[in-house]
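Trainee: Structure file structure_18.csv (CSV, C-alpha atoms) is given on the next line.
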```
chain,number,residue,atom,x,y,z
A,1,MET,CA,19.1,-45.0,31.9
A,2,SER,CA,16.0,-45.4,29.7
A,3,GLU,CA,13.2,-47.7,30.6
A,4,PRO,CA,10.5,-48.9,28.2
A,5,PHE,CA,7.4,-46.9,29.1
A,6,PHE,CA,5.0,-49.2,27.2
A,7,ASN,CA,5.2,-51.8,24.5
A,8,PHE,CA,2.5,-52.1,22.0
A,9,GLN,CA,3.0,-55.9,21.9
A,10,GLN,CA,2.8,-56.4,25.7
A,11,GLY,CA,-0.4,-57.2,27.5
A,12,LEU,CA,-2.3,-60.5,27.9
A,13,MET,CA,-5.7,-59.0,28.3
A,14,PRO,CA,-8.7,-59.5,25.9
A,15,THR,CA,-8.7,-57.5,22.7
A,16,PRO,CA,-9.0,-53.8,23.5
A,17,PRO,CA,-10.7,-51.1,21.4
A,18,TYR,CA,-7.4,-50.5,19.6
A,19,ASN,CA,-6.2,-53.8,18.1
A,20,HIS,CA,-3.5,-53.5,15.6
A,21,LEU,CA,1.8,-56.7,17.1
A,22,GLY,CA,4.2,-53.9,16.2
A,23,LEU,CA,2.1,-52.3,13.5
A,24,SER,CA,-0.1,-55.4,13.3
A,25,ASP,CA,-1.7,-56.4,16.5
A,26,TYR,CA,-0.7,-54.2,19.4
A,27,GLN,CA,-2.5,-53.8,22.7
A,28,ASP,CA,-3.8,-50.4,23.8
A,29,PRO,CA,-1.2,-49.4,26.4
A,30,LEU,CA,-3.9,-47.8,28.6
A,31,TYR,CA,-5.9,-51.0,28.5
A,32,SER,CA,-3.2,-53.6,28.8
A,33,ASN,CA,-1.0,-51.7,31.3
A,34,PRO,CA,-3.2,-49.8,33.8
A,35,TYR,CA,-0.1,-48.6,35.7
A,36,ASN,CA,0.6,-46.2,32.8
A,37,SER,CA,-3.0,-45.0,32.5
A,38,ALA,CA,-2.5,-42.1,34.9
A,39,GLN,CA,0.6,-40.9,33.2
A,40,LEU,CA,-0.5,-41.0,29.5
A,41,PRO,CA,-3.3,-38.7,28.5
A,42,VAL,CA,-5.8,-40.2,26.1
A,43,PRO,CA,-4.9,-37.7,23.3
A,44,PHE,CA,-1.3,-38.8,23.6
A,45,ILE,CA,-2.3,-42.4,23.0
A,46,ASP,CA,-4.7,-41.5,20.3
A,47,THR,CA,-2.0,-39.6,18.4
A,48,VAL,CA,0.2,-42.7,18.4
A,49,VAL,CA,-2.7,-45.0,17.4
A,50,GLN,CA,-3.7,-42.7,14.5
A,51,ALA,CA,0.0,-42.4,13.4
A,52,ILE,CA,0.3,-46.2,13.3
A,53,ASP,CA,-2.8,-46.4,11.2
A,54,ALA,CA,-1.5,-43.8,8.8
A,55,THR,CA,1.9,-45.6,8.6
A,56,LYS,CA,0.2,-48.8,7.8
A,57,TYR,CA,-1.9,-47.2,5.0
A,58,ILE,CA,1.2,-45.6,3.4
A,59,LEU,CA,3.1,-48.9,3.6
A,60,SER,CA,0.2,-50.8,2.1
A,61,GLU,CA,0.2,-48.5,-0.9
A,62,LEU,CA,4.0,-48.8,-1.6
A,63,SER,CA,3.8,-52.0,-3.6
A,64,GLY,CA,1.4,-50.4,-6.1
A,65,ASN,CA,3.2,-47.0,-6.1
A,66,SER,CA,4.2,-45.9,-9.6
A,67,GLN,CA,7.5,-44.6,-8.0
A,68,ARG,CA,8.2,-47.8,-6.2
A,69,ASP,CA,11.3,-48.8,-8.1
A,70,TYR,CA,12.7,-45.3,-7.8
A,71,ILE,CA,12.0,-45.1,-4.1
A,72,MET,CA,13.5,-48.5,-3.3
A,73,GLU,CA,16.7,-48.0,-5.4
A,74,THR,CA,17.2,-44.4,-4.1
A,75,VAL,CA,16.8,-45.5,-0.5
A,76,PHE,CA,18.3,-48.9,-0.4
A,77,GLY,CA,20.7,-49.1,-3.4
A,78,LEU,CA,21.3,-52.7,-4.5
A,79,TYR,CA,18.9,-54.7,-2.3
A,80,ASN,CA,17.5,-58.2,-2.2
A,81,GLN,CA,14.4,-57.8,-4.5
A,82,ASP,CA,12.9,-61.2,-3.6
A,83,SER,CA,12.9,-60.3,0.1
A,84,ALA,CA,11.6,-56.8,-0.6
A,85,ASN,CA,8.8,-58.1,-2.9
A,86,GLN,CA,7.6,-60.5,-0.2
A,87,ILE,CA,7.5,-57.8,2.5
A,88,LEU,CA,5.8,-55.3,0.2
A,89,THR,CA,3.2,-57.9,-0.9
A,90,ASP,CA,2.4,-58.7,2.8
A,91,TRP,CA,2.0,-55.0,3.5
A,92,ALA,CA,-0.3,-54.6,0.5
A,93,GLN,CA,-2.5,-57.2,2.0
A,94,ASN,CA,-2.4,-55.4,5.4
A,95,ASN,CA,-0.3,-58.1,6.9
A,96,PHE,CA,2.1,-56.4,9.3
A,97,THR,CA,2.8,-59.4,11.6
A,98,GLY,CA,6.6,-59.2,10.8
A,99,THR,CA,7.0,-55.6,11.9
A,100,PRO,CA,9.0,-54.6,15.1
A,101,HIS,CA,7.8,-54.0,18.6
A,102,ILE,CA,7.1,-50.4,19.5
A,103,GLU,CA,8.2,-49.0,22.8
A,104,LEU,CA,8.4,-45.6,24.5
A,105,VAL,CA,11.5,-44.4,26.3
A,106,PHE,CA,12.4,-41.4,28.5
A,107,GLY,CA,15.2,-38.9,28.3
A,108,GLN,CA,16.8,-39.6,24.9
A,109,ASN,CA,18.1,-37.2,22.3
A,110,PHE,CA,16.2,-38.8,19.5
A,111,ASN,CA,12.6,-38.7,18.4
A,112,GLY,CA,12.5,-42.3,17.2
A,113,ALA,CA,15.0,-45.1,16.8
A,114,TYR,CA,15.2,-48.7,15.5
A,115,ALA,CA,17.3,-51.4,17.2
A,116,LYS,CA,18.0,-54.3,14.9
A,117,ASP,CA,19.4,-56.5,17.7
A,118,ASN,CA,16.1,-56.6,19.6
A,119,TYR,CA,13.7,-55.9,16.7
A,120,THR,CA,12.3,-52.8,18.4
A,121,ILE,CA,11.2,-49.3,17.3
A,122,TYR,CA,11.6,-46.8,20.1
A,123,LEU,CA,9.7,-43.5,20.4
A,124,SER,CA,10.7,-40.7,22.6
A,125,GLU,CA,8.1,-39.8,25.3
A,126,GLU,CA,9.3,-36.2,25.1
A,127,PHE,CA,8.8,-36.1,21.3
A,128,LEU,CA,5.3,-37.6,21.6
A,129,ALA,CA,4.3,-35.2,24.4
A,130,ALA,CA,5.5,-32.3,22.2
A,131,ASN,CA,3.5,-33.6,19.3
A,132,SER,CA,0.3,-34.8,20.9
A,133,GLY,CA,-2.3,-34.3,18.2
A,134,ASN,CA,0.3,-34.0,15.5
A,135,VAL,CA,-0.3,-37.3,13.7
A,136,GLU,CA,1.8,-36.2,10.7
A,137,ALA,CA,4.9,-35.7,12.8
A,138,VAL,CA,4.6,-39.0,14.5
A,139,THR,CA,3.8,-40.8,11.3
A,140,ARG,CA,6.9,-39.3,9.7
A,141,VAL,CA,9.2,-40.6,12.5
A,142,LEU,CA,7.5,-44.1,12.5
A,143,LEU,CA,8.0,-44.4,8.7
A,144,GLU,CA,11.7,-43.5,9.2
A,145,GLU,CA,12.1,-46.3,11.7
A,146,VAL,CA,10.2,-48.7,9.5
A,147,GLY,CA,12.6,-47.7,6.7
A,148,HIS,CA,15.6,-48.7,9.0
A,149,TYR,CA,13.8,-52.0,9.7
A,150,LEU,CA,13.1,-52.7,6.0
A,151,ASP,CA,16.8,-52.0,5.2
A,152,SER,CA,17.8,-54.6,7.8
A,153,GLN,CA,15.6,-57.2,6.1
A,154,ILE,CA,16.6,-56.6,2.5
A,155,ASN,CA,20.3,-55.6,2.7
A,156,ALA,CA,23.2,-57.6,4.0
A,157,LYS,CA,25.0,-54.3,4.7
A,158,ASP,CA,23.4,-51.1,6.1
A,159,ALA,CA,22.5,-48.8,3.2
A,160,ASP,CA,24.5,-45.5,2.9
A,161,GLY,CA,23.5,-42.6,5.1
A,162,ASP,CA,20.1,-42.1,6.7
A,163,GLU,CA,18.1,-44.4,4.6
A,164,GLY,CA,15.2,-44.2,7.1
A,165,TYR,CA,14.7,-40.5,6.6
A,166,ILE,CA,15.0,-40.8,2.8
A,167,PHE,CA,12.4,-43.6,2.9
A,168,SER,CA,10.0,-41.6,5.0
A,169,GLU,CA,10.2,-38.6,2.8
A,170,LEU,CA,9.8,-40.4,-0.5
A,171,VAL,CA,6.9,-42.7,0.5
A,172,ARG,CA,5.0,-39.7,1.7
A,173,GLY,CA,5.4,-38.1,-1.7
A,174,GLN,CA,8.0,-35.5,-0.7
A,175,SER,CA,10.9,-34.6,-3.0
A,176,ILE,CA,14.6,-34.6,-2.1
A,177,SER,CA,17.0,-32.4,-4.1
A,178,PRO,CA,20.2,-33.9,-5.4
A,179,GLY,CA,22.1,-31.7,-2.9
A,180,GLU,CA,20.0,-32.9,0.0
A,181,LEU,CA,20.5,-36.5,-1.1
A,182,VAL,CA,24.3,-36.1,-1.1
A,183,LEU,CA,24.1,-34.9,2.5
A,184,LEU,CA,21.7,-37.6,3.6
A,185,LYS,CA,23.8,-40.4,2.0
A,186,ALA,CA,26.8,-39.1,3.9
A,187,GLU,CA,25.0,-38.9,7.3
A,188,ASN,CA,25.8,-41.2,10.2
A,189,ASP,CA,22.5,-41.9,12.0
A,190,HIS,CA,23.8,-44.6,14.4
A,191,GLY,CA,23.9,-44.3,18.1
A,192,PHE,CA,23.5,-46.4,21.3
A,193,LEU,CA,20.7,-46.7,23.8
A,194,ILE,CA,20.8,-48.3,27.3
A,195,VAL,CA,17.8,-50.4,28.1
A,196,ASP,CA,17.7,-52.6,31.2
A,197,GLY,CA,21.4,-52.1,31.7
A,198,GLN,CA,22.3,-53.2,28.2
A,199,GLU,CA,23.8,-51.1,25.4
A,200,ILE,CA,22.1,-51.6,22.1
A,201,LEU,CA,23.0,-50.2,18.7
A,202,ILE,CA,20.3,-48.0,17.1
A,203,GLU,CA,19.6,-46.0,14.0
A,204,GLN,CA,17.8,-42.8,15.0
A,205,ASN,CA,15.8,-39.7,14.0
A,206,THR,CA,17.1,-36.6,15.7
A,207,PHE,CA,16.5,-32.9,15.3
A,208,GLN,CA,19.2,-30.3,16.2
A,209,ASN,CA,18.9,-26.6,16.7
A,210,ALA,CA,19.4,-24.5,13.6
A,211,ILE,CA,23.0,-23.4,12.7
A,212,SER,CA,23.5,-20.0,11.2
A,213,SER,CA,26.1,-19.5,8.4
A,214,SER,CA,26.8,-16.5,6.2
A,215,PRO,CA,29.5,-17.4,3.7
A,216,GLY,CA,31.8,-14.5,3.2
A,217,GLY,CA,32.1,-13.0,-0.3
A,218,ALA,CA,28.7,-14.3,-1.4
A,219,GLY,CA,26.0,-14.6,1.3
A,220,PHE,CA,23.7,-16.4,-1.1
A,221,THR,CA,20.6,-14.7,0.4
A,222,LYS,CA,18.4,-11.8,-0.6
A,223,ASN,CA,19.7,-9.4,2.0
A,224,ASN,CA,23.3,-10.7,2.0
A,225,GLY,CA,24.6,-10.7,-1.5
A,226,GLY,CA,21.5,-9.6,-3.4
A,227,TRP,CA,20.3,-13.0,-4.5
A,228,THR,CA,16.8,-11.8,-5.1
A,229,THR,CA,15.3,-14.8,-6.9
A,230,SER,CA,16.3,-18.4,-7.7
A,231,ASP,CA,15.3,-17.8,-11.3
A,232,ASP,CA,17.7,-14.9,-11.8
A,233,TYR,CA,20.4,-16.2,-9.5
A,234,PRO,CA,20.1,-20.0,-9.0
A,235,ARG,CA,21.7,-21.6,-6.0
A,236,MET,CA,22.3,-25.3,-5.6
A,237,LEU,CA,24.0,-27.8,-3.3
A,238,ALA,CA,26.6,-30.2,-4.7
A,239,ASP,CA,29.8,-31.9,-3.7
A,240,VAL,CA,32.2,-30.0,-5.9
A,241,ASN,CA,35.5,-31.2,-4.4
A,242,GLY,CA,34.8,-34.9,-3.8
A,243,ASP,CA,34.9,-34.8,0.0
A,244,GLY,CA,31.4,-36.1,0.5
A,245,LYS,CA,30.0,-32.8,1.7
A,246,ALA,CA,27.3,-30.7,0.0
A,247,ASP,CA,28.8,-27.3,-1.0
A,248,ILE,CA,26.9,-24.2,-2.1
A,249,VAL,CA,27.1,-23.2,-5.8
A,250,GLY,CA,25.5,-19.9,-6.8
A,251,PHE,CA,25.2,-18.5,-10.3
A,252,GLY,CA,25.6,-14.8,-9.6
A,253,GLY,CA,25.4,-11.7,-11.8
A,254,SER,CA,28.9,-12.0,-13.3
A,255,SER,CA,30.5,-15.1,-11.9
A,256,VAL,CA,29.9,-18.5,-10.4
A,257,LEU,CA,30.5,-18.6,-6.6
A,258,VAL,CA,31.3,-21.6,-4.6
A,259,SER,CA,31.4,-22.0,-0.8
A,260,LEU,CA,32.8,-25.3,0.4
A,261,SER,CA,31.1,-27.0,3.3
A,262,ASN,CA,32.8,-27.3,6.7
A,263,GLY,CA,30.7,-30.4,7.4
A,264,ASN,CA,29.0,-28.9,10.4
A,265,GLY,CA,26.3,-26.7,8.8
A,266,THR,CA,28.7,-23.8,8.1
A,267,PHE,CA,30.5,-22.8,4.9
A,268,GLN,CA,33.8,-21.3,3.9
A,269,ASN,CA,34.3,-18.0,2.1
A,270,ALA,CA,33.1,-18.0,-1.4
A,271,ILE,CA,35.4,-18.8,-4.3
A,272,SER,CA,34.7,-17.0,-7.6
A,273,SER,CA,34.9,-18.8,-11.0
A,274,SER,CA,34.1,-17.6,-14.5
A,275,PRO,CA,34.2,-20.5,-17.0
A,276,GLY,CA,35.6,-19.3,-20.3
A,277,GLY,CA,33.4,-19.6,-23.4
A,278,ALA,CA,30.1,-19.7,-21.4
A,279,GLY,CA,30.1,-17.7,-18.2
A,280,PHE,CA,26.8,-19.3,-17.1
A,281,THR,CA,25.7,-16.0,-15.6
A,282,LYS,CA,23.4,-13.1,-16.5
A,283,ASN,CA,26.2,-10.6,-17.2
A,284,ASN,CA,28.7,-13.2,-18.5
A,285,GLY,CA,27.2,-15.2,-21.3
A,286,GLY,CA,23.6,-13.8,-21.3
A,287,TRP,CA,22.1,-16.5,-19.0
A,288,THR,CA,19.3,-14.1,-18.1
A,289,ASN,CA,17.1,-16.5,-16.1
A,290,ASN,CA,17.1,-20.2,-15.1
A,291,ASN,CA,13.7,-20.8,-16.7
A,292,ASP,CA,14.8,-20.0,-20.2
A,293,TYR,CA,18.4,-21.0,-19.7
A,294,PRO,CA,18.6,-23.6,-17.0
A,295,ARG,CA,21.9,-24.5,-15.3
A,296,MET,CA,22.6,-27.6,-13.3
A,297,LEU,CA,25.5,-29.6,-11.9
A,298,ALA,CA,26.6,-33.1,-12.8
A,299,ASP,CA,29.6,-35.3,-13.2
A,300,VAL,CA,29.7,-35.6,-17.0
A,301,ASN,CA,33.0,-37.4,-17.4
A,302,GLY,CA,33.1,-39.7,-14.4
A,303,GLY,CA,36.1,-37.9,-12.9
A,304,SER,CA,36.8,-36.6,-9.4
A,305,PHE,CA,35.8,-33.0,-8.6
A,306,SER,CA,37.9,-30.1,-7.6
A,307,LEU,CA,37.7,-26.3,-7.9
A,308,SER,CA,38.5,-24.3,-11.0
A,309,PRO,CA,40.1,-24.9,-13.4
A,310,HIS,CA,39.2,-28.5,-12.8
A,311,PHE,CA,35.7,-27.5,-11.6
A,312,ARG,CA,32.7,-29.7,-11.2
A,313,GLU,CA,31.0,-29.6,-14.6
A,314,PHE,CA,28.3,-27.1,-15.4
A,315,ILE,CA,25.6,-28.1,-17.8
A,316,GLY,CA,23.7,-25.3,-19.5
```
Starting from the file, give its structure as structure tokens.
Mentor:
Amino acid sequence: MSEPFFNFQQGLMPTPPYNHLGLSDYQDPLYSNPYNSAQLPVPFIDTVVQAIDATKYILSELSGNSQRDYIMETVFGLYNQDSANQILTDWAQNNFTGTPHIELVFGQNFNGAYAKDNYTIYLSEEFLAANSGNVEAVTRVLLEEVGHYLDSQINAKDADGDEGYIFSELVRGQSISPGELVLLKAENDHGFLIVDGQEILIEQNTFQNAISSSPGGAGFTKNNGGWTTSDDYPRMLADVNGDGKADIVGFGGSSVLVSLSNGNGTFQNAISSSPGGAGFTKNNGGWTNNNDYPRMLADVNGGSFSLSPHFREFIG
């Protein structure tokens, strides 16, 4: 069972040195809840406070961001623009009074989570302890949970996939490849959290251990298959068979190789294809490098995708 460790909105004491309600006007947990003071090191608290300040700054800049429309549409799809404009305007004016509570919980398998039902962002104590002093890591997770919150305010239906993660990446100026976006849009980030004996639905940020995969017949790496550079032998992620999973597509020396995703971080043995009339590879068609002769993947005819001969379309 998880118990809230502290709540940035709790505390009835006079204004402490840190004075920000959710992201707006929280109480310093060491000041407002002395019971916790012996258990929470000052650097631990300082990291959270600095991350909240960094989160507020990034959110306040979103309204004037030149990529605002792209970010909002990529993250949230078709959303209520009037509601979004009001929220972003408030944030631009450093008005964060509508943002959720922030609470700390023990023993969870997430770094952060947002619960719509009780309007609360949860941060994992273990995650914060492991990232004491790492303001960037905590800011990244906070922005993800704010993204989940924002989705709940401007969409009648939860946006596809892990919209919080996509939001966090884009508002921090990070890029997401088309293949990564396919994966993220297919991800299920929902879970449950028990607080005070009640089960509540959450959207969460989790990190899992790395999974190793070496697709037979291709490898797709420098030491396994001879894929020395992406310029000579470009590799991409795309859903080539319409199952919602990102597959590996590699343009090898003489053929195009495809490894279908198993949906668990591993991939099937590679399938070879040599499209007639083009080849799309260095030895089959003269596509010597991806800088001079770029290749990309796209659905150019609006059809479903399957493997050769009805292969997802190459554009070169």
Trainee: At a cut-off of 8 Å, using only C-alpha atoms, what residues contact range 247-263 of chain A? Leave out same-chain residues fewer than 5 positions from it and give the result as a PDB file with C-alpha atoms, in the coordinates of the input.
Mentor:
```pdb
ATOM      1  CA  PRO A 215      29.500 -17.400   3.700  1.00  0.00           C
ATOM      2  CA  ALA A 218      28.700 -14.300  -1.400  1.00  0.00           C
ATOM      3  CA  PHE A 220      23.700 -16.400  -1.100  1.00  0.00           C
ATOM      4  CA  TRP A 227      20.300 -13.000  -4.500  1.00  0.00           C
ATOM      5  CA  TYR A 233      20.400 -16.200  -9.500  1.00  0.00           C
ATOM      6  CA  PRO A 234      20.100 -20.000  -9.000  1.00  0.00           C
ATOM      7  CA  ARG A 235      21.700 -21.600  -6.000  1.00  0.00           C
ATOM      8  CA  MET A 236      22.300 -25.300  -5.600  1.00  0.00           C
ATOM      9  CA  LEU A 237      24.000 -27.800  -3.300  1.00  0.00           C
ATOM     10  CA  ALA A 238      26.600 -30.200  -4.700  1.00  0.00           C
ATOM     11  CA  ASP A 239      29.800 -31.900  -3.700  1.00  0.00           C
ATOM     12  CA  VAL A 240      32.200 -30.000  -5.900  1.00  0.00           C
ATOM     13  CA  GLN A 268      33.800 -21.300   3.900  1.00  0.00           C
ATOM     14  CA  ASN A 269      34.300 -18.000   2.100  1.00  0.00           C
ATOM     15  CA  ALA A 270      33.100 -18.000  -1.400  1.00  0.00           C
ATOM     16  CA  ILE A 271      35.400 -18.800  -4.300  1.00  0.00           C
ATOM     17  CA  SER A 272      34.700 -17.000  -7.600  1.00  0.00           C
ATOM     18  CA  SER A 273      34.900 -18.800 -11.000  1.00  0.00           C
ATOM     19  CA  SER A 274      34.100 -17.600 -14.500  1.00  0.00           C
ATOM     20  CA  GLY A 279      30.100 -17.700 -18.200  1.00  0.00           C
ATOM     21  CA  PHE A 280      26.800 -19.300 -17.100  1.00  0.00           C
ATOM     22  CA  THR A 281      25.700 -16.000 -15.600  1.00  0.00           C
ATOM     23  CA  LYS A 282      23.400 -13.100 -16.500  1.00  0.00           C
ATOM     24  CA  ASN A 283      26.200 -10.600 -17.200  1.00  0.00           C
ATOM     25  CA  ASN A 284      28.700 -13.200 -18.500  1.00  0.00           C
TER      26      ASN A 284
END
```
Trainee: Give me, please, the distance in Å between CA of Gly276 in chain A and CA of Asp232 in chain A, quoted to one decimal.
Mentor: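 Separation between CA of Gly276 in chain A and CA of Asp232 in chain A: 20.3 Å.
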Trainee: I'd like to know which of A:Leu150, A:Leu142, A:Ile52, A:Ile176 is closest to Ala113 in chain A, using all atoms listed in the file.
Mentor: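 Nearest candidate to Ala113 in chain A out of A:Leu150, A:Leu142, A:Ile52, A:Ile176: A:Leu142.
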Trainee: Would you mind listing what lies within 9 Å of Glu126 in chain A as a PyMOL selection string, with all atoms listed in the file counted and same-chain residues fewer than 6 positions away left out?
Mentor: chain A and resi 105-108+111
Trainee: Using Å and a single decimal, report how far CA of Ile58 in chain A sits from CA of Ala92 in chain A.
Mentor: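 We find that CA of Ala92 in chain A and CA of Ile58 in chain A lie 9.6 Å from each other.
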Trainee: Which residue is closest to Ala54 in chain A? Choose from A:Leu88, A:Val138, A:Leu104, A:Ala159 and count only C-alpha atoms.
Mentor: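 Ranking A:Leu88, A:Val138, A:Leu104, A:Ala159 by distance to Ala54 in chain A, first place goes to A:Val138.
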Trainee: In Å to one decimal, how far is CA of Gly226 in chain A from CA of Thr288 in chain A?
Mentor: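 So the answer is 15.5 Å.
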Trainee: May I have the residues within 7 Å of Glu144 in chain A as number ranges by chain, using all atoms listed in the file and disregarding those fewer than 3 positions away in the same chain?
Mentor: A: 140-141, 147-148, 164-165, 167-168
Trainee: May I have the selected residues written with C-alpha atoms, as a compact mmCIF listing (two decimals), in the frame of the given file?
Mentor:
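As written to disk, selection.txt reads:
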```
# COMPACT_ATOMS: atom_id res chain seq x y z
CA ARG A 140 6.90 -39.30 9.70
CA VAL A 141 9.20 -40.60 12.50
CA GLY A 147 12.60 -47.70 6.70
CA HIS A 148 15.60 -48.70 9.00
CA GLY A 164 15.20 -44.20 7.10
CA TYR A 165 14.70 -40.50 6.60
CA PHE A 167 12.40 -43.60 2.90
CA SER A 168 10.00 -41.60 5.00
```
Trainee: Select, from A:Gln153, A:Asp158, A:Asn290, A:Arg295, the residue with the minimum atom-to-atom distance to Ala278 in chain A, counting all atoms listed in the file.
Mentor: A:Arg295
Trainee: Residues at most 7 Å from range 79-87 of chain A, counting only C-alpha atoms, excluding those fewer than 3 positions away in the same chain, as a list in words?
Mentor: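 Here the answer would be Phe76, Asp90, Trp91, Ile154 and Asn155 of chain A.
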Trainee: Since we have the selection now, will you write its residues out, keeping C-alpha atoms, as an mmCIF file, in the coordinates of the input?
Mentor:
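Output file part_32.cif is given in full below:
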```cif
data_model
loop_
_atom_site.group_PDB
_atom_site.id
_atom_site.type_symbol
_atom_site.label_atom_id
_atom_site.label_comp_id
_atom_site.auth_asym_id
_atom_site.auth_seq_id
_atom_site.Cartn_x
_atom_site.Cartn_y
_atom_site.Cartn_z
ATOM 1 C CA PHE A 76 18.300 -48.900 -0.400
ATOM 2 C CA ASP A 90 2.400 -58.700 2.800
ATOM 3 C CA TRP A 91 2.000 -55.000 3.500
ATOM 4 C CA ILE A 154 16.600 -56.600 2.500
ATOM 5 C CA ASN A 155 20.300 -55.600 2.700
#
```
Trainee: With distances taken over all atoms listed in the file, which of A:Asn224, A:Thr120, A:Ser175, A:Thr266 is nearest to Lys245 in chain A?
Mentor: A:Thr266
